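Just input-v4.cif here, mmCIF, C-alpha atoms:
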```
data_coords
#
loop_
_atom_site.label_atom_id
_atom_site.label_comp_id
_atom_site.auth_asym_id
_atom_site.auth_seq_id
_atom_site.Cartn_x
_atom_site.Cartn_y
_atom_site.Cartn_z
CA MET A 1 27.18 117.12 50.76
CA LYS A 2 27.84 114.15 52.97
CA ILE A 3 24.58 114.81 54.73
CA ARG A 4 22.65 114.97 51.48
CA MET A 5 24.05 111.76 50.03
CA PRO A 6 21.85 109.46 52.10
CA LYS A 7 18.82 111.57 51.16
CA PHE A 8 19.83 111.42 47.53
CA SER A 9 20.35 107.68 47.80
CA LEU A 10 17.00 107.34 49.49
CA ALA A 11 15.32 109.39 46.75
CA LEU A 12 17.07 107.31 44.10
CA LEU A 13 16.00 104.11 45.80
CA THR A 14 12.41 105.36 46.10
CA ALA A 15 12.37 106.38 42.44
CA THR A 16 13.78 103.00 41.45
CA ILE A 17 11.13 101.18 43.47
CA LEU A 18 8.42 103.39 42.01
CA LEU A 19 9.66 102.80 38.49
CA ALA A 20 9.93 99.09 39.16
CA SER A 21 6.38 99.12 40.52
CA LEU A 22 5.17 101.01 37.48
CA SER A 23 6.91 98.61 35.16
CA LEU A 24 5.45 95.71 37.12
CA ALA A 25 2.03 97.29 36.91
CA ASP A 26 2.46 97.71 33.22
CA ASP A 27 4.13 94.41 32.55
CA SER A 28 2.46 91.55 30.84
CA TRP A 29 1.85 88.13 32.30
CA LYS A 30 3.90 86.95 29.35
CA GLN A 31 7.11 87.85 31.18
CA HIS A 32 6.43 85.11 33.71
CA VAL A 33 5.72 82.35 31.21
CA SER A 34 8.52 79.83 30.85
CA GLU A 35 9.79 78.96 27.38
CA ALA A 36 8.42 75.43 27.71
CA ASP A 37 4.94 76.76 28.52
CA ARG A 38 5.11 79.37 25.77
CA GLU A 39 5.89 76.74 23.16
CA ARG A 40 2.84 74.65 23.97
CA THR A 41 0.45 74.58 21.05
CA ASN A 42 -3.30 74.36 21.11
CA PRO A 43 -4.27 70.84 19.99
CA VAL A 44 -7.72 72.05 18.92
CA ALA A 45 -6.78 75.40 17.36
CA GLY A 46 -9.12 76.40 14.51
CA GLN A 47 -11.39 73.36 14.88
CA ALA A 48 -15.03 74.35 14.46
CA ASP A 49 -16.32 72.01 17.19
CA ALA A 50 -13.72 73.22 19.65
CA ILE A 51 -14.52 76.85 18.91
CA ALA A 52 -18.24 76.20 19.45
CA ALA A 53 -17.56 74.34 22.70
CA GLY A 54 -15.15 77.07 23.77
CA GLY A 55 -17.86 79.63 23.12
CA ARG A 56 -20.18 77.83 25.51
CA LEU A 57 -17.49 77.63 28.17
CA PHE A 58 -16.62 81.29 27.64
CA GLU A 59 -20.25 82.25 28.13
CA ASP A 60 -20.44 80.22 31.35
CA HIS A 61 -17.18 81.29 32.96
CA CYS A 62 -15.72 84.38 31.31
CA ALA A 63 -18.44 86.53 29.73
CA LYS A 64 -19.72 88.04 32.96
CA CYS A 65 -16.37 89.81 33.48
CA HIS A 66 -14.97 90.15 29.98
CA GLY A 67 -18.30 90.68 28.23
CA ALA A 68 -20.15 88.40 25.82
CA ASP A 69 -18.19 90.04 22.99
CA ALA A 70 -14.91 89.71 24.98
CA LEU A 71 -14.38 93.47 24.67
CA GLY A 72 -14.12 93.84 28.46
CA ARG A 73 -16.49 95.32 30.99
CA ARG A 74 -15.79 98.15 33.40
CA ASN A 75 -12.21 97.51 34.57
CA LYS A 76 -11.98 93.97 33.21
CA PRO A 77 -9.69 93.67 30.19
CA ASN A 78 -10.60 93.45 26.54
CA LEU A 79 -9.52 90.06 25.15
CA ARG A 80 -9.51 91.24 21.55
CA THR A 81 -6.51 93.51 21.85
CA ASP A 82 -3.22 92.92 20.05
CA GLU A 83 -1.68 91.74 23.31
CA VAL A 84 -4.11 88.86 23.69
CA GLN A 85 -4.78 88.03 20.06
CA ASN A 86 -1.06 87.99 19.23
CA ALA A 87 -0.16 86.02 22.36
CA ALA A 88 1.05 82.49 21.90
CA ASP A 89 -1.56 79.86 22.81
CA GLY A 90 0.82 78.58 25.47
CA GLU A 91 0.97 82.03 27.07
CA ILE A 92 -2.81 82.26 27.36
CA PHE A 93 -2.94 78.71 28.65
CA TRP A 94 -0.42 79.66 31.34
CA LEU A 95 -2.60 82.63 32.34
CA LEU A 96 -5.73 80.48 32.59
CA ARG A 97 -3.90 77.98 34.78
CA ASN A 98 -2.26 80.48 37.13
CA GLY A 99 -4.60 83.43 36.94
CA SER A 100 -3.39 86.83 38.05
CA LEU A 101 -4.65 86.83 41.61
CA ARG A 102 -3.20 90.26 42.40
CA ARG A 103 -5.27 91.80 39.61
CA GLY A 104 -8.46 89.87 40.15
CA MET A 105 -8.10 87.14 37.53
CA PRO A 106 -8.76 83.77 39.23
CA SER A 107 -6.97 80.55 38.39
CA TRP A 108 -8.98 78.24 36.14
CA SER A 109 -6.93 75.16 36.89
CA ALA A 110 -10.13 73.40 38.02
CA LEU A 111 -11.28 73.37 34.40
CA PRO A 112 -9.75 70.35 32.66
CA GLU A 113 -6.98 71.14 30.18
CA PRO A 114 -9.00 70.22 27.05
CA SER A 115 -11.71 72.68 28.13
CA ARG A 116 -9.15 75.45 28.59
CA TRP A 117 -7.75 74.82 25.10
CA GLN A 118 -11.31 75.09 23.76
CA ILE A 119 -11.71 78.49 25.40
CA ILE A 120 -8.43 79.65 23.86
CA ALA A 121 -9.56 78.43 20.43
CA TYR A 122 -12.74 80.46 20.82
CA VAL A 123 -11.04 83.64 22.03
CA LYS A 124 -8.55 83.49 19.16
CA SER A 125 -11.40 82.97 16.69
CA LEU A 126 -12.93 86.32 17.69
CA GLY A 127 -10.13 88.35 16.15
CA LYS A 128 -8.95 91.84 16.99
CA LYS A 129 -11.29 94.66 17.91
CA GLU A 130 -10.46 97.57 20.20
CA MET B 1 -39.18 71.47 54.39
CA LYS B 2 -41.87 73.08 52.24
CA ARG B 3 -40.44 76.51 53.01
CA LEU B 4 -37.00 75.30 52.04
CA LEU B 5 -38.22 73.93 48.72
CA THR B 6 -40.06 77.18 48.07
CA LEU B 7 -36.86 79.11 48.75
CA TRP B 8 -34.88 76.89 46.40
CA PHE B 9 -37.37 77.23 43.57
CA PHE B 10 -37.65 80.99 44.16
CA THR B 11 -33.86 81.33 43.95
CA LEU B 12 -33.82 79.24 40.78
CA PHE B 13 -36.43 81.53 39.26
CA LEU B 14 -34.64 84.65 40.46
CA CYS B 15 -31.29 83.52 39.14
CA GLY B 16 -32.37 82.65 35.63
CA GLY B 17 -29.40 83.09 33.34
CA TYR B 18 -27.23 84.75 35.97
CA CYS B 19 -26.49 81.61 37.88
CA SER B 20 -23.98 78.95 37.21
CA ALA B 21 -21.70 76.81 39.27
CA GLN B 22 -18.86 74.47 38.45
CA GLU B 23 -17.41 72.94 41.52
CA TRP B 24 -15.95 69.84 43.09
CA PRO B 25 -18.51 67.45 44.60
CA TYR B 26 -17.27 67.76 48.18
CA PHE B 27 -19.27 68.32 51.35
CA VAL B 28 -16.52 68.51 53.96
CA THR B 29 -13.26 68.77 52.04
CA TYR B 30 -12.03 72.08 50.64
CA ALA B 31 -9.97 72.35 47.47
CA HIS B 32 -7.78 75.37 46.73
CA ASP B 33 -10.18 76.88 44.19
CA LEU B 34 -11.71 80.00 45.68
CA GLU B 35 -14.86 81.85 44.67
CA GLU B 36 -14.26 84.12 41.68
CA PRO B 37 -14.00 87.75 42.81
CA GLY B 38 -17.36 89.52 42.78
CA ASN B 39 -19.36 86.26 42.64
CA LEU B 40 -21.80 85.20 45.33
CA GLU B 41 -22.58 81.54 45.79
CA PHE B 42 -25.63 80.39 47.68
CA GLU B 43 -25.65 76.85 49.01
CA ALA B 44 -28.22 74.81 50.88
CA LYS B 45 -26.77 71.68 52.47
CA THR B 46 -28.95 68.98 53.96
CA THR B 47 -27.72 66.17 56.18
CA ALA B 48 -29.99 63.31 57.20
CA GLY B 49 -29.31 60.36 59.44
CA THR B 50 -30.53 58.12 62.20
CA PRO B 51 -28.07 57.48 65.00
CA LYS B 52 -28.31 54.12 66.74
CA TYR B 53 -30.79 54.42 69.66
CA GLY B 54 -31.56 57.99 68.52
CA ASN B 55 -34.08 59.88 66.43
CA THR B 56 -33.78 60.69 62.75
CA PHE B 57 -32.50 64.22 62.15
CA TYR B 58 -32.36 66.60 59.19
CA GLY B 59 -29.63 69.21 59.47
CA GLU B 60 -29.90 72.25 57.20
CA THR B 61 -27.14 74.73 56.55
CA VAL B 62 -27.46 77.77 54.33
CA GLU B 63 -24.22 79.23 53.11
CA PHE B 64 -23.37 82.53 51.42
CA GLU B 65 -19.92 82.51 49.82
CA TYR B 66 -18.46 85.69 48.36
CA GLY B 67 -15.29 86.15 46.35
CA ALA B 68 -13.85 89.29 47.97
CA LYS B 69 -10.58 89.00 46.01
CA ALA B 70 -9.12 86.40 43.73
CA TRP B 71 -7.04 85.30 46.76
CA TRP B 72 -9.69 85.72 49.50
CA THR B 73 -13.13 84.15 49.92
CA THR B 74 -15.42 84.90 52.82
CA GLU B 75 -18.51 82.88 53.87
CA LEU B 76 -21.39 83.06 56.28
CA TYR B 77 -23.22 79.92 57.41
CA LEU B 78 -26.55 79.67 59.19
CA SER B 79 -27.48 76.27 60.59
CA GLY B 80 -30.62 74.67 61.92
CA GLN B 81 -32.01 71.17 62.29
CA HIS B 82 -35.15 69.15 62.79
CA THR B 83 -35.21 65.97 64.85
CA SER B 84 -38.12 63.54 64.61
CA ASN B 85 -40.12 63.17 67.82
CA ASP B 86 -38.38 66.26 69.13
CA SER B 87 -38.31 69.79 67.65
CA THR B 88 -36.85 72.17 65.08
CA VAL B 89 -34.09 74.46 66.31
CA PHE B 90 -31.71 77.12 65.04
CA ASN B 91 -28.14 76.14 65.83
CA GLY B 92 -26.08 79.23 65.15
CA PHE B 93 -23.69 80.75 62.63
CA ARG B 94 -20.19 80.41 61.30
CA TRP B 95 -18.03 83.02 59.61
CA GLU B 96 -15.28 81.61 57.48
CA ASN B 97 -12.38 83.10 55.51
CA ARG B 98 -10.02 81.37 53.11
CA PHE B 99 -6.77 82.86 51.81
CA ARG B 100 -4.39 81.76 49.11
CA PRO B 101 -0.89 82.75 50.27
CA LEU B 102 0.83 81.77 47.00
CA TRP B 103 -0.25 83.57 43.87
CA ARG B 104 0.66 80.96 41.33
CA GLU B 105 -0.50 77.44 40.66
CA TYR B 106 1.84 74.76 41.99
CA PHE B 107 1.80 70.99 42.19
CA ILE B 108 0.41 71.36 45.75
CA ASN B 109 -1.45 74.58 46.54
CA PRO B 110 -1.96 75.69 50.14
CA VAL B 111 -4.93 77.67 51.38
CA LEU B 112 -5.24 79.06 54.93
CA TYR B 113 -8.66 78.82 56.53
CA VAL B 114 -9.89 80.72 59.59
CA GLU B 115 -13.40 80.33 60.98
CA TYR B 116 -15.31 81.63 63.98
CA GLU B 117 -18.19 79.41 65.11
CA ASN B 118 -21.07 80.20 67.39
CA VAL B 119 -23.21 77.07 67.37
CA ASN B 120 -24.97 75.04 70.01
CA LEU B 121 -24.56 71.34 70.68
CA ALA B 122 -27.77 70.50 68.81
CA ASP B 123 -25.92 71.23 65.55
CA ARG B 124 -26.18 68.41 63.01
CA SER B 125 -24.55 70.08 60.03
CA PHE B 126 -21.53 67.70 59.87
CA LEU B 127 -19.41 70.41 58.25
CA GLU B 128 -16.39 68.85 59.89
CA ILE B 129 -15.54 66.20 62.46
CA THR B 130 -12.96 67.03 65.12
CA GLY B 131 -11.73 65.69 68.42
CA HIS B 132 -13.61 62.79 69.96
CA GLN B 133 -17.03 63.53 68.45
CA SER B 134 -19.05 60.34 68.35
CA VAL B 135 -22.50 59.00 67.63
CA SER B 136 -23.47 59.42 71.30
CA ASP B 137 -23.29 63.22 70.87
CA LEU B 138 -26.13 62.89 68.35
CA ARG B 139 -28.46 61.36 70.95
CA LEU B 140 -28.71 64.60 72.91
CA SER B 141 -32.21 66.02 72.83
CA ASN B 142 -32.62 69.41 71.20
CA ALA B 143 -33.40 70.96 74.58
CA GLN B 144 -30.15 69.61 76.00
CA GLY B 145 -28.18 70.66 72.93
CA ARG B 146 -29.59 74.18 72.84
CA SER B 147 -28.62 74.82 76.42
CA GLU B 148 -24.92 74.96 75.58
CA THR B 149 -23.41 77.16 72.89
CA GLU B 150 -19.85 76.65 71.70
CA ARG B 151 -17.84 79.62 70.52
CA SER B 152 -14.81 78.26 68.79
CA LEU B 153 -11.98 79.12 66.46
CA GLU B 154 -11.29 76.70 63.68
CA LEU B 155 -8.13 76.66 61.57
CA LYS B 156 -7.50 74.54 58.53
CA LEU B 157 -4.54 73.95 56.31
CA ILE B 158 -5.91 73.08 52.89
CA LEU B 159 -3.57 71.39 50.44
CA SER B 160 -4.90 70.70 46.99
CA SER B 161 -3.77 69.78 43.49
CA ASN B 162 -5.44 69.92 40.10
CA ALA B 163 -3.83 67.62 37.56
CA LYS B 164 -5.14 65.97 34.40
CA GLY B 165 -8.72 66.77 35.35
CA TRP B 166 -8.38 65.27 38.84
CA ASN B 167 -8.55 67.18 42.07
CA ILE B 168 -6.89 65.77 45.18
CA ALA B 169 -7.41 67.74 48.38
CA GLU B 170 -6.24 67.19 51.96
CA ASN B 171 -7.44 69.29 54.90
CA PHE B 172 -5.87 69.35 58.37
CA ILE B 173 -8.20 70.81 60.99
CA ALA B 174 -7.48 72.34 64.42
CA GLU B 175 -10.34 73.66 66.55
CA LYS B 176 -10.28 75.51 69.88
CA ASP B 177 -13.30 76.04 72.08
CA LEU B 178 -13.05 79.66 73.23
CA ASN B 179 -15.49 79.22 76.12
CA GLU B 180 -13.76 76.71 78.25
CA GLY B 181 -10.27 75.52 78.92
CA GLU B 182 -10.69 72.60 76.53
CA PRO B 183 -7.66 71.48 74.53
CA TRP B 184 -7.24 71.96 70.79
CA GLU B 185 -9.12 69.31 68.82
CA PHE B 186 -7.98 67.91 65.50
CA GLY B 187 -9.55 66.41 62.42
CA TYR B 188 -8.94 65.68 58.78
CA ALA B 189 -10.72 65.48 55.44
CA VAL B 190 -9.49 64.05 52.17
CA GLY B 191 -11.23 64.22 48.80
CA VAL B 192 -10.58 63.02 45.28
CA SER B 193 -12.74 63.88 42.29
CA ARG B 194 -12.87 64.34 38.55
CA PRO B 195 -15.35 65.57 35.94
CA LEU B 196 -16.76 62.71 33.88
CA SER B 197 -15.70 64.42 30.67
CA MET B 198 -12.61 66.57 30.13
CA ALA B 199 -13.87 68.57 27.15
CA ALA B 200 -17.13 70.36 26.43
CA ARG B 201 -19.40 69.44 23.57
CA ALA B 202 -20.02 71.81 20.70
CA ARG B 203 -23.76 71.76 21.29
CA ALA B 204 -25.46 72.51 24.57
CA CYS B 205 -26.67 69.45 26.44
CA THR B 206 -28.12 68.78 29.84
CA PHE B 207 -27.45 65.17 30.79
CA CYS B 208 -24.11 64.73 29.06
CA ARG B 209 -20.98 63.68 30.95
CA GLU B 210 -19.35 67.12 30.97
CA ASN B 211 -22.00 68.27 33.45
CA PHE B 212 -21.21 65.58 36.01
CA SER B 213 -18.31 65.13 38.36
CA ALA B 214 -17.72 62.23 40.73
CA GLY B 215 -15.37 61.45 43.55
CA ALA B 216 -15.02 60.26 47.12
CA GLU B 217 -14.49 61.80 50.53
CA LEU B 218 -12.99 60.51 53.77
CA TYR B 219 -13.14 62.57 56.98
CA GLY B 220 -12.99 62.18 60.71
CA GLY B 221 -11.55 63.19 64.06
CA LEU B 222 -7.98 62.88 65.27
CA GLY B 223 -8.51 63.40 68.99
CA ASP B 224 -7.15 66.37 70.89
CA LEU B 225 -3.96 67.67 72.48
CA ASN B 226 -4.42 65.35 75.45
CA GLY B 227 -5.09 62.32 73.31
CA PHE B 228 -4.05 62.68 69.69
CA GLY B 229 -4.86 59.74 67.45
CA LEU B 230 -7.73 57.57 66.27
CA THR B 231 -8.86 56.31 69.69
CA ALA B 232 -12.53 57.16 70.41
CA THR B 233 -12.98 59.10 67.18
CA SER B 234 -15.50 58.81 64.35
CA HIS B 235 -14.79 58.51 60.64
CA TYR B 236 -16.87 58.56 57.47
CA PHE B 237 -16.29 57.62 53.86
CA GLY B 238 -18.51 57.94 50.84
CA PRO B 239 -18.77 58.38 47.10
CA THR B 240 -20.09 61.68 45.84
CA LEU B 241 -21.67 62.86 42.62
CA ALA B 242 -22.41 66.38 41.37
CA PHE B 243 -24.59 67.48 38.50
CA ASN B 244 -23.99 70.97 37.12
CA VAL B 245 -27.26 71.98 35.52
CA PRO B 246 -26.30 74.14 32.52
CA ARG B 247 -26.88 77.81 33.38
CA GLY B 248 -28.46 76.60 36.60
CA PRO B 249 -27.64 75.17 40.01
CA THR B 250 -25.30 72.38 40.98
CA VAL B 251 -26.89 69.42 42.74
CA THR B 252 -24.62 67.16 44.79
CA PHE B 253 -25.43 63.92 46.57
CA SER B 254 -23.38 61.64 48.78
CA PRO B 255 -24.10 58.79 51.17
CA ASN B 256 -21.39 58.77 53.87
CA PHE B 257 -20.78 55.50 55.67
CA GLY B 258 -19.52 55.33 59.24
CA LEU B 259 -16.27 53.38 59.51
CA ASN B 260 -16.33 52.40 63.17
CA ASP B 261 -18.64 51.97 66.17
CA ASN B 262 -18.27 55.62 67.16
CA SER B 263 -19.78 56.69 63.81
CA MET B 264 -23.35 56.63 62.53
CA GLY B 265 -24.17 53.84 60.10
CA VAL B 266 -24.90 56.14 57.20
CA VAL B 267 -25.39 59.89 56.70
CA TYR B 268 -27.15 61.10 53.56
CA ARG B 269 -25.96 64.44 52.24
CA PHE B 270 -27.57 66.66 49.65
CA LYS B 271 -26.44 70.05 48.41
CA LEU B 272 -27.92 72.62 46.08
CA SER B 273 -25.71 75.52 45.07
CA TYR B 274 -26.10 78.55 42.84
CA GLU B 275 -23.44 80.98 41.79
CA ILE B 276 -24.55 84.49 41.04
CA GLN B 277 -21.84 86.02 38.90
CA GLN B 278 -20.59 89.56 39.49
CA ILE B 279 -23.32 90.45 41.94
CA THR B 280 -21.89 93.93 42.54
CA SER B 281 -22.52 94.78 38.87
CA TRP B 282 -26.24 94.53 39.64
CA PHE B 283 -25.87 97.77 41.55
CA HIS B 284 -24.21 99.69 38.72
CA SER B 285 -26.33 101.55 36.23
CA GLY B 286 -26.47 99.94 32.81
CA ALA B 287 -25.41 96.56 34.17
CA LYS B 288 -27.09 93.56 32.61
#
```
Conversion result in structure tokens:
Amino acid sequence: MKIRMPKFSLALLTATILLASLSLADDSWKQHVSEADRERTNPVAGQADAIAAGGRLFEDHCAKCHGADALGRRNKPNLRTDEVQNAADGEIFWLLRNGSLRRGMPSWSALPEPSRWQIIAYVKSLGKKE
Amino acid sequence: MKRLLTLWFFTLFLCGGYCSAQEWPYFVTYAHDLEEPGNLEFEAKTTAGTPKYGNTFYGETVEFEYGAKAWWTTELYLSGQHTSNDSTVFNGFRWENRFRPLWREYFINPVLYVEYENVNLADRSFLEITGHQSVSDLRLSNAQGRSETERSLELKLILSSNAKGWNIAENFIAEKDLNEGEPWEFGYAVGVSRPLSMAARARACTFCRENFSAGAELYGGLGDLNGFGLTATSHYFGPTLAFNVPRGPTVTFSPNFGLNDNSMGVVYRFKLSYEIQQITSWFHSGAK
């Protein structure tokens, strides 16, 4: 029994790491967003001009990966899922600023903040479709 | 030159709606923004100048920049130059890699840069200034320059911040000639820039402010391990302006002014860049 304990511990540790990895793989970027960032509101939400401008920016910078209809392409995510459409504007803004480099989403911090809010206004205007 | 223009126009035609670029207007300085994964950027950089007591030269560098990962960009450079009253020569190649070690955006964002160079002394690309490079190096004839090829390793620490539309970037350069027992050489580059408009317009436009960004660059040598400092080094400063043609290339121009007697009076720099988005998708069936 004493000999098996380290093996059991090792197996338990491995399982824990695996589960943690799986949960990390499955987790949302939302977990990393601070409360202050989450509470940020989109200053141009719902404004027709901002949505139109956001559409142009989306076409230039986002459509090639996420699709012109934002439904995703190949392994790039659909932006019209519940997860994105129900996300707080501040959460999406955080994602655009930081990206998710591990998963292939670049940081868009080079785009000025007002432009990023315009993109968010546009994405939210598309509504849900899966 | 005619061939170059033909190549540019051919690429413009080929790219059509697939090309776009939105980038800082720097020639020497690197910011922390990497190429988006799967995108290929093509750049043609021209440098023109007349060193005191020397002939006018036109340096041409073609660059292929690929976003391998969101945290890793790799680039290949091919350089050549033409010198008036002399000849046109190929100078060599560079292979560059940039890595983002931190996977979030911070107030200051580091990027690690590693480059292998195989270029001869006739190179006039001005991609960086290190060591004690001076205007006298530019008076070498092409035959003299071609006779010696430098194989060197270049490391950079790139520090960069994006805040309120501004980008501020500082690069610290260390270069080691792998051929000879020469000491490490050092250099620096600093850039500041900002788009002329922070928000996009609702309607598409070509010559509106959102498509322009402006800034300034300062770069130069810092001597070597045996003589670190500003003594016998050259330095340049200049304003820079970039125009992002909607759904087209980015055109960047900058006159760089020499700041001391070791520098050229003025170097004119011109860059044309295209970004081809998700180039690997071209090789998948059904890709648009």
Neighbours of chain A in chain B at 6 Å, counting all atoms listed in the file, as a list in words: Ala70, Trp71, Trp103, Arg104, Glu105, Gly165, Met198, Ala199, Ala200, Arg201 and Ala202 of chain B
Residues in the PyMOL selection byres ((chain B and resi 89) around 10), expressed as a VMD selection string: chain B and resid 59 79 to 83 86 to 88 90 to 92 120 122 to 123 142 to 143 145 to 146
Region 214-229 of chain B surroundings by only C-alpha atoms, 9 Å radius, close-in-sequence under 4 positions cut, as a PyMOL selection string: chain B and resi 24-29+128-133+173-174+183-196+233-243+254+256
Chain and number of each residue from the PyMOL selection byres ((chain B and resi 152) around 12), as a PyMOL selection string: chain B and resi 92-96+114-120+130+149-151+153-155+174-185
The PyMOL selection byres ((chain B and resi 261-278) around 7) resolved against shown file, as a PyMOL selection string: (chain A and resi 64) or (chain B and resi 18-21+38-49+51-52+134-135+232-235+248-260+279-281)
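Counting all atoms listed in the file, Glu35 (chain A) has the following residues at most 12 Å away, ignoring those fewer than 6 positions along the same chain: A:Ala88, A:Gly90, A:Glu91, A:Trp94.
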For CA of Thr61 (chain B) and CA of Ser161 (chain B), the interatomic separation in Å (one decimal): 27.2 Å
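The shortest atom-to-atom distance to Tyr30 (chain B), with all atoms listed in the file taken into account, belongs to B:Lys156 out of B:Arg100, B:Lys156, B:Arg124, B:Arg139.
With CA of Lys124 (chain A) on one side and CA of Leu79 (chain A) on the other, the separation reads 8.9 Å.
Counting only C-alpha atoms, the residue from A:His32, A:Ala70, A:Glu130, A:Ala121 that sits nearest to Asp89 (chain A) is A:Ala121.
Among the candidates B:Leu78, B:Ala31, B:Thr50, B:Ala204, the residue lying nearest to Val62 (chain B) is B:Leu78 (atoms considered: only C-alpha atoms).
Distance-wise, CA of Asn171 (chain B) and CA of Thr73 (chain B) end up 16.7 Å apart.
Distances from B:Thr56, B:Asn97, B:Thr206, B:Ser213 to Thr74 (chain B) were compared using only C-alpha atoms, and the smallest one belongs to B:Asn97.
When only C-alpha atoms are used to measure the gap to Asn211 (chain B), the shortest distance among B:Arg247, B:Leu230, B:Asn167, B:Glu148 belongs to B:Arg247.
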